[in-house]
$ cat my_file06.cif   # mmCIF, C-alpha atoms
data_structure
loop_
_atom_site.label_atom_id
_atom_site.label_comp_id
_atom_site.auth_asym_id
_atom_site.auth_seq_id
_atom_site.Cartn_x
_atom_site.Cartn_y
_atom_site.Cartn_z
CA MET C 23 4.63 11.81 -9.82
CA ALA C 24 5.85 12.56 -13.35
CA LYS C 25 3.51 11.76 -16.19
CA SER C 26 4.45 8.74 -18.27
CA ILE C 27 6.54 9.51 -21.37
CA VAL C 28 4.56 6.79 -23.16
CA GLN C 29 1.44 8.27 -24.78
CA ASN C 30 -1.62 6.18 -25.59
CA ASN C 31 -4.75 6.22 -27.72
CA ILE C 32 -6.83 3.93 -25.55
CA ARG C 33 -9.70 6.36 -25.11
CA LYS C 34 -9.96 6.84 -28.90
CA LEU C 35 -9.68 3.09 -29.54
CA ARG C 36 -12.39 2.36 -26.96
CA PHE C 37 -14.66 4.81 -28.69
CA GLU C 38 -13.96 3.25 -32.06
CA ALA C 39 -14.57 -0.22 -30.64
CA GLY C 40 -18.28 0.43 -30.17
CA GLU C 41 -17.86 2.81 -27.22
CA MET C 42 -16.37 0.09 -25.07
CA THR C 43 -16.50 1.05 -21.39
CA GLN C 44 -13.41 1.16 -19.17
CA GLN C 45 -14.86 -1.73 -17.16
CA GLU C 46 -15.36 -3.86 -20.27
CA LEU C 47 -11.78 -3.21 -21.36
CA ALA C 48 -10.52 -3.91 -17.83
CA ASP C 49 -12.36 -7.25 -17.74
CA LYS C 50 -10.93 -8.25 -21.12
CA ALA C 51 -7.41 -7.21 -20.12
CA ARG C 52 -7.77 -8.89 -16.69
CA VAL C 53 -6.92 -5.72 -14.75
CA SER C 54 -8.95 -3.34 -12.58
CA ARG C 55 -10.88 -0.40 -14.02
CA GLN C 56 -8.64 1.90 -11.97
CA THR C 57 -5.61 0.60 -13.88
CA ILE C 58 -7.27 1.44 -17.22
CA VAL C 59 -8.10 4.91 -15.86
CA ALA C 60 -4.47 5.39 -14.73
CA ILE C 61 -3.11 4.28 -18.14
CA GLU C 62 -5.49 6.59 -20.03
CA LYS C 63 -4.48 9.53 -17.82
CA GLY C 64 -0.79 8.74 -18.32
CA ASN C 65 -0.29 8.03 -14.62
CA TYR C 66 0.86 4.47 -15.21
CA SER C 67 2.95 2.81 -17.91
CA PRO C 68 1.70 -0.76 -18.34
CA SER C 69 3.99 -3.76 -18.55
CA LEU C 70 4.91 -5.06 -21.99
CA GLU C 71 2.58 -8.01 -21.40
CA LEU C 72 -0.42 -5.78 -20.64
CA ALA C 73 0.45 -3.46 -23.54
CA PHE C 74 0.39 -6.40 -25.96
CA ARG C 75 -2.83 -7.67 -24.40
CA LEU C 76 -4.47 -4.27 -24.98
CA SER C 77 -3.29 -4.11 -28.59
CA HIS C 78 -4.64 -7.63 -29.12
CA ILE C 79 -8.03 -6.63 -27.64
CA PHE C 80 -8.26 -3.68 -30.06
CA ASP C 81 -6.82 -5.82 -32.88
CA THR C 82 -4.39 -2.99 -33.56
CA PRO C 83 -0.57 -2.87 -33.80
CA LEU C 84 1.11 -1.95 -30.54
CA GLU C 85 2.50 1.33 -31.92
CA GLU C 86 -1.04 2.50 -32.67
CA VAL C 87 -2.07 1.94 -29.06
CA PHE C 88 1.07 3.35 -27.47
CA SER C 89 3.53 5.89 -28.80
CA TYR C 90 6.87 7.19 -27.61
CA ASP C 91 8.58 10.43 -28.55
CA PRO C 92 12.32 10.50 -27.70
CA LYS C 93 12.11 14.32 -27.36
CA ASP C 94 9.97 13.80 -24.23
CA ASP C 95 12.51 11.38 -22.79
CA VAL C 96 14.88 13.95 -21.28
CA PRO C 97 17.12 13.08 -18.31
CA GLY C 98 15.51 13.71 -14.95
CA LYS C 99 11.98 13.77 -16.32
CA VAL C 100 11.06 10.32 -14.99
CA MET H 8 -12.43 6.55 -3.10
CA THR H 9 -11.44 3.18 -4.57
CA TYR H 10 -11.60 -0.14 -2.73
CA GLN H 11 -7.79 -0.19 -2.28
CA GLU H 12 -7.73 3.35 -0.88
CA LYS H 13 -10.51 2.53 1.58
CA GLN H 14 -8.62 -0.59 2.66
CA ASN H 15 -5.47 1.49 3.23
CA VAL H 16 -7.42 3.99 5.34
CA VAL H 17 -8.78 1.10 7.42
CA ASN H 18 -5.25 -0.30 7.84
CA ILE H 19 -3.97 3.11 9.04
CA PHE H 20 -6.91 3.29 11.45
CA SER H 21 -6.07 -0.24 12.69
CA ALA H 22 -2.43 0.70 13.28
CA LEU H 23 -3.43 3.87 15.14
CA VAL H 24 -5.90 2.01 17.35
CA VAL H 25 -4.46 -1.47 18.00
CA THR H 26 -0.83 -0.55 18.81
CA PRO H 27 -1.51 2.36 21.23
CA ILE H 28 -4.26 0.42 23.07
CA PHE H 29 -2.02 -2.63 23.48
CA ALA H 30 0.94 -0.44 24.53
CA TRP H 31 -1.28 1.33 27.10
CA LEU H 32 -2.48 -1.99 28.57
CA VAL H 33 1.11 -3.30 28.80
CA PHE H 34 2.26 -0.03 30.40
CA GLN H 35 -0.54 -0.30 32.99
CA ARG H 36 0.57 -3.82 33.90
CA HIS H 37 4.18 -2.66 34.05
CA GLN H 38 3.21 0.08 36.50
CA GLN H 39 1.24 -2.42 38.57
CA GLY H 40 4.35 -4.60 38.76
CA GLN H 41 3.01 -7.52 36.71
CA PHE H 42 5.75 -6.99 34.09
CA ASP H 43 9.28 -5.72 34.63
CA LEU H 44 10.08 -4.20 31.27
CA THR H 45 13.11 -2.22 32.39
CA GLU H 46 15.39 -5.09 33.43
CA ASP H 47 13.89 -8.44 32.37
CA PHE H 48 14.10 -8.59 28.55
CA ARG H 49 12.48 -12.02 28.50
CA GLN H 50 9.27 -10.15 29.38
CA TRP H 51 9.69 -8.06 26.21
CA GLY H 52 9.87 -11.27 24.19
CA ILE H 53 6.60 -12.44 25.73
CA VAL H 54 4.96 -9.02 25.20
CA PHE H 55 6.02 -8.95 21.53
CA LEU H 56 4.72 -12.48 20.91
CA ILE H 57 1.38 -11.60 22.55
CA PHE H 58 1.29 -8.38 20.51
CA ILE H 59 1.75 -10.30 17.24
CA GLY H 60 -1.19 -12.57 18.10
CA VAL H 61 -3.43 -9.74 19.33
CA SER H 62 -2.51 -7.53 16.36
CA VAL H 63 -3.28 -10.23 13.78
CA ALA H 64 -6.59 -11.14 15.47
CA ALA H 65 -7.66 -7.48 15.78
CA ARG H 66 -6.80 -6.72 12.15
CA VAL H 67 -8.64 -9.78 10.89
CA ILE H 68 -11.74 -8.66 12.79
CA ILE H 69 -11.39 -5.07 11.51
CA GLN H 70 -10.93 -6.33 7.91
CA ILE H 71 -14.02 -8.56 8.17
CA ILE H 72 -16.05 -5.59 9.45
CA PHE H 73 -14.65 -3.45 6.60
CA HIS H 74 -15.52 -6.04 3.93
CA ILE H 75 -19.07 -6.43 5.25
CA GLY H 76 -19.54 -2.65 5.60
CA ASN H 77 -18.12 -1.99 2.14
CA ALA H 78 -20.26 -4.70 0.55
CA ILE H 79 -23.40 -3.22 2.15
CA ALA H 80 -22.47 0.37 1.20
CA THR H 81 -21.40 -0.29 -2.40
CA ARG H 82 -23.50 -3.43 -3.09
CA GLU H 83 -20.37 -4.98 -4.61
CA GLU H 84 -19.81 -8.51 -3.36
CA LYS H 85 -16.65 -9.20 -5.34
CA THR H 86 -13.36 -7.73 -4.15
CA PRO H 87 -11.24 -6.28 -6.99
CA VAL H 88 -8.57 -8.57 -8.44
CA GLU H 89 -5.01 -7.53 -7.65
CA ASP H 90 -3.29 -6.63 -10.93
CA GLU H 91 0.23 -5.56 -11.93
CA ARG H 92 -0.34 -1.92 -10.90
CA ASP H 93 -1.49 -2.97 -7.42
CA LYS H 94 1.64 -5.11 -7.05
CA LEU H 95 3.90 -2.23 -8.13
CA VAL H 96 2.16 0.17 -5.74
CA LYS H 97 2.58 -2.32 -2.86
CA LEU H 98 6.23 -2.89 -3.75
CA LYS H 99 7.04 0.83 -3.70
CA ALA H 100 5.06 1.36 -0.49
CA THR H 101 6.89 -1.55 1.18
CA ARG H 102 10.19 0.08 0.19
CA ASN H 103 9.10 3.32 1.90
CA SER H 104 8.01 1.50 5.07
CA TYR H 105 11.30 -0.39 5.08
CA TYR H 106 13.18 2.94 5.00
CA ALA H 107 11.04 4.22 7.88
CA PHE H 108 11.60 1.16 10.04
CA THR H 109 15.35 1.08 9.26
CA SER H 110 15.60 4.77 10.19
CA GLY H 111 13.89 3.94 13.47
CA PHE H 112 16.34 1.15 14.12
CA VAL H 113 19.30 3.48 13.46
CA VAL H 114 17.78 6.15 15.74
CA SER H 115 17.35 3.58 18.52
CA VAL H 116 20.93 2.33 18.10
CA ILE H 117 22.20 5.93 18.25
CA GLY H 118 20.12 6.33 21.41
CA LEU H 119 21.81 3.30 22.93
CA ALA H 120 25.24 4.67 21.99
CA LEU H 121 24.34 7.94 23.70
CA GLY H 122 23.50 6.11 26.92
CA MET H 123 19.74 5.52 26.70
CA PRO H 124 18.51 2.45 28.61
CA VAL H 125 18.33 -0.81 26.61
CA TYR H 126 14.52 -1.08 26.87
CA TRP H 127 14.23 2.05 24.70
CA ILE H 128 15.22 -0.05 21.69
CA PHE H 129 12.08 -2.18 22.20
CA ILE H 130 9.90 0.91 22.56
CA ALA H 131 11.49 2.27 19.36
CA PHE H 132 10.62 -1.00 17.58
CA VAL H 133 6.96 -0.62 18.53
CA VAL H 134 6.77 3.09 17.66
CA PHE H 135 8.67 2.86 14.37
CA GLY H 136 6.84 -0.35 13.47
CA MET H 137 3.58 1.58 13.75
CA ILE H 138 5.02 4.54 11.81
CA ALA H 139 6.31 2.17 9.09
CA GLU H 140 2.85 0.66 8.71
CA ILE H 141 1.25 4.10 8.43
CA ILE H 142 3.87 5.10 5.83
CA ASP H 143 3.23 1.84 3.94
CA ASN H 144 -0.51 2.46 3.67
CA GLY H 145 -0.12 6.23 3.24
CA SER H 146 2.33 5.63 0.37
CA GLN H 147 -0.14 3.28 -1.30
CA ILE H 148 -2.86 5.95 -1.16
CA TYR H 149 -0.37 8.48 -2.60
CA TYR H 150 0.69 6.20 -5.48
CA TYR H 151 -2.90 5.23 -6.28
CA ARG H 152 -3.86 8.90 -6.48
CA LYS H 153 -0.78 10.46 -8.08
CA GLY H 154 0.34 7.58 -10.27
CA VAL H 155 3.16 5.11 -10.10
#
$ encode --input "my_file06.cif" --output "structure tokens"
Amino acid sequence: MAKSIVQNNIRKLRFEAGEMTQQELADKARVSRQTIVAIEKGNYSPSLELAFRLSHIFDTPLEEVFSYDPKDDVPGKV
Amino acid sequence: MTYQEKQNVVNIFSALVVTPIFAWLVFQRHQQGQFDLTEDFRQWGIVFLIFIGVSVAARVIIQIIFHIGNAIATREEKTPVEDERDKLVKLKATRNSYYAFTSGFVVSVIGLALGMPVYWIFIAFVVFGMIAEIIDNGSQIYYYRKGV
């Protein structure tokens, strides 16, 4: 499976949010811990709904949680 | 191994155990003359209906045993909530199993066109049904591990 072209700062934001654990974030976002692990590793791009939920949990704009570089978005990569 | 992966392994195990055992028992009865599965297709209908019931009952029992065993081993009483990633994984795995079963159907139809007896199509349904289920659960394990 190709890595997601959407990058994220979730690990950094968890650390800054009082070293929040993956399980705590998963509970707040109403997903499994495995889903948080997959997002952090770039193995899964969350839905828009979950992305907004995560940005709301960290009280941070969406573009600070997730980032997208068009240079990575080359045909055939996904 | 996550809860979902363990459940998929159990499902593959169920498919590999339940279907062959049932097929063997039906074949034994066919050889003894209790069923005529080569000419009387009504018998196939009965066998398939019995198989659905037996398969569901066996899987329910296996799942109950798995849940109890997993709860004892991990001391986790709650089963994980199914989220959007789980649904996407299941959707993609179902697509793969659908391809497998459809391929089996095409193979069996080609077999009929080449002169194979009609009962082979029923045997192909059973075999490719089992393969499709293994591909479904195998795909889920793959997507959970490699990403989706």
$ interface_residues --input "my_file06.cif" --of "chain H" --to "chain C" --cutoff "10 Å" --atoms "only C-alpha atoms" --output "list in words"
Thr9, Tyr10, Gln11, Pro87, Val88, Glu89, Asp90, Glu91, Arg92, Asp93, Tyr149, Tyr150, Tyr151, Arg152, Lys153, Gly154 and Val155 of chain H
$ atom_distance --input "my_file06.cif" --atom1 "CA of Val87 in chain C" --atom2 "CA of Leu70 in chain C"
12.2 Å
$ residues_around --input "my_file06.cif" --residues "Thr45 in chain H" --least-positions-apart "6" --cutoff "9 Å" --atoms "only C-alpha atoms" --output "list in words"
Pro124, Val125, Tyr126 and Trp127 of chain H
$ resolve_selection --input "my_file06.cif" --expression "the PyMOL selection byres ((chain C and resi 82) around 12)" --output "compact mmCIF listing (two decimals) with C-alpha atoms, in the frame of the given file"
# COMPACT_ATOMS: atom_id res chain seq x y z
CA ASN C 31 -4.75 6.22 -27.72
CA ILE C 32 -6.83 3.93 -25.55
CA LEU C 35 -9.68 3.09 -29.54
CA ARG C 36 -12.39 2.36 -26.96
CA GLU C 38 -13.96 3.25 -32.06
CA ALA C 39 -14.57 -0.22 -30.64
CA ALA C 73 0.45 -3.46 -23.54
CA PHE C 74 0.39 -6.40 -25.96
CA ARG C 75 -2.83 -7.67 -24.40
CA LEU C 76 -4.47 -4.27 -24.98
CA SER C 77 -3.29 -4.11 -28.59
CA HIS C 78 -4.64 -7.63 -29.12
CA ILE C 79 -8.03 -6.63 -27.64
CA PHE C 80 -8.26 -3.68 -30.06
CA ASP C 81 -6.82 -5.82 -32.88
CA PRO C 83 -0.57 -2.87 -33.80
CA LEU C 84 1.11 -1.95 -30.54
CA GLU C 85 2.50 1.33 -31.92
CA GLU C 86 -1.04 2.50 -32.67
CA VAL C 87 -2.07 1.94 -29.06
CA PHE C 88 1.07 3.35 -27.47
$ atom_distance --input "my_file06.cif" --atom1 "CA of Ile27 in chain C" --atom2 "CA of Ala48 in chain C"
22.0 Å
$ axis_aligned_box --input "my_file06.cif" --around "range 120-127 of chain H" --padding-each-side "4 Å" --output "AutoDock Vina command-line options"
--center_x 19.7 --center_y 3.4 --center_z 25.3 --size_x 19.0 --size_y 17.0 --size_z 14.6
$ atom_distance --input "my_file06.cif" --atom1 "CA of Ile142 in chain H" --atom2 "CA of Ser104 in chain H"
5.5 Å
$ residues_around --input "my_file06.cif" --residues "range 54-60 of chain H" --least-positions-apart "4" --cutoff "8 Å" --atoms "only C-alpha atoms" --output "JSON, numbers by chain"
{"H": [29, 33, 50, 64]}
$ closest_residue --input "my_file06.cif" --among "H:Ile117, H:Ile69, H:Ala22, H:Met8" --to "Phe135 in chain H" --atoms "all atoms listed in the file"
H:Ala22
$ decode --input "my_file06.cif" --residues "chain C" --atoms "C-alpha atoms" --output "compact mmCIF listing (two decimals), in the first residue's frame"
# COMPACT_ATOMS: atom_id res chain seq x y z
CA MET C 23 0.00 0.00 0.00
CA ALA C 24 1.23 3.49 -0.88
CA LYS C 25 1.77 5.90 1.96
CA SER C 26 -0.81 8.66 2.26
CA ILE C 27 0.11 11.91 0.48
CA VAL C 28 -1.48 13.75 3.41
CA GLN C 29 1.09 14.41 6.14
CA ASN C 30 0.13 14.96 9.77
CA ASN C 31 1.49 16.37 13.01
CA ILE C 32 -0.64 14.30 15.35
CA ARG C 33 2.28 12.84 17.29
CA LYS C 34 3.70 16.34 17.92
CA LEU C 35 0.27 17.72 18.85
CA ARG C 36 -0.32 14.83 21.27
CA PHE C 37 2.98 15.58 22.93
CA GLU C 38 2.14 19.25 23.20
CA ALA C 39 -1.28 18.42 24.61
CA GLY C 40 0.18 17.10 27.86
CA GLU C 41 1.58 13.90 26.34
CA MET C 42 -1.86 12.65 25.45
CA THR C 43 -1.81 8.90 24.77
CA GLN C 44 -3.04 7.37 21.51
CA GLN C 45 -5.84 5.69 23.46
CA GLU C 46 -6.97 8.99 25.00
CA LEU C 47 -7.03 10.63 21.58
CA ALA C 48 -8.85 7.62 20.10
CA ASP C 49 -11.52 7.80 22.82
CA LYS C 50 -12.02 11.53 22.24
CA ALA C 51 -12.21 11.08 18.47
CA ARG C 52 -14.50 8.03 18.83
CA VAL C 53 -12.22 5.73 16.82
CA SER C 54 -9.99 2.79 17.72
CA ARG C 55 -6.39 3.23 18.87
CA GLN C 56 -5.30 1.27 15.78
CA THR C 57 -6.86 3.96 13.58
CA ILE C 58 -4.84 6.68 15.36
CA VAL C 59 -1.70 4.54 14.92
CA ALA C 60 -2.47 4.10 11.19
CA ILE C 61 -3.05 7.86 10.71
CA GLU C 62 0.19 8.76 12.53
CA LYS C 63 2.15 6.28 10.39
CA GLY C 64 0.57 7.66 7.22
CA ASN C 65 -1.11 4.34 6.44
CA TYR C 66 -4.59 5.81 6.50
CA SER C 67 -6.05 9.14 5.39
CA PRO C 68 -8.96 9.98 7.69
CA SER C 69 -12.31 11.21 6.45
CA LEU C 70 -12.94 14.95 6.45
CA GLU C 71 -15.24 14.47 9.44
CA LEU C 72 -12.55 12.72 11.51
CA ALA C 73 -9.92 15.23 10.40
CA PHE C 74 -12.08 18.11 11.67
CA ARG C 75 -12.80 16.20 14.87
CA LEU C 76 -9.06 15.78 15.49
CA SER C 77 -8.35 19.46 14.83
CA HIS C 78 -11.16 20.37 17.23
CA ILE C 79 -9.70 18.08 19.93
CA PHE C 80 -6.30 19.79 19.60
CA ASP C 81 -8.00 23.20 19.27
CA THR C 82 -5.82 23.80 16.22
CA PRO C 83 -6.65 24.78 12.62
CA LEU C 84 -7.00 21.81 10.31
CA GLU C 85 -3.96 22.79 8.21
CA GLU C 86 -1.77 22.58 11.30
CA VAL C 87 -2.89 19.01 11.94
CA PHE C 88 -2.77 17.85 8.33
CA SER C 89 -0.71 19.13 5.44
CA TYR C 90 -0.65 18.42 1.74
CA ASP C 91 2.16 19.05 -0.72
CA PRO C 92 1.06 18.97 -4.39
CA LYS C 93 4.60 17.88 -5.38
CA ASP C 94 3.92 14.54 -3.63
CA ASP C 95 0.65 14.13 -5.52
CA VAL C 96 2.08 12.67 -8.72
CA PRO C 97 -0.02 10.42 -10.99
CA GLY C 98 0.18 6.75 -10.13
CA LYS C 99 1.48 7.35 -6.62
CA VAL C 100 -1.83 6.54 -4.91
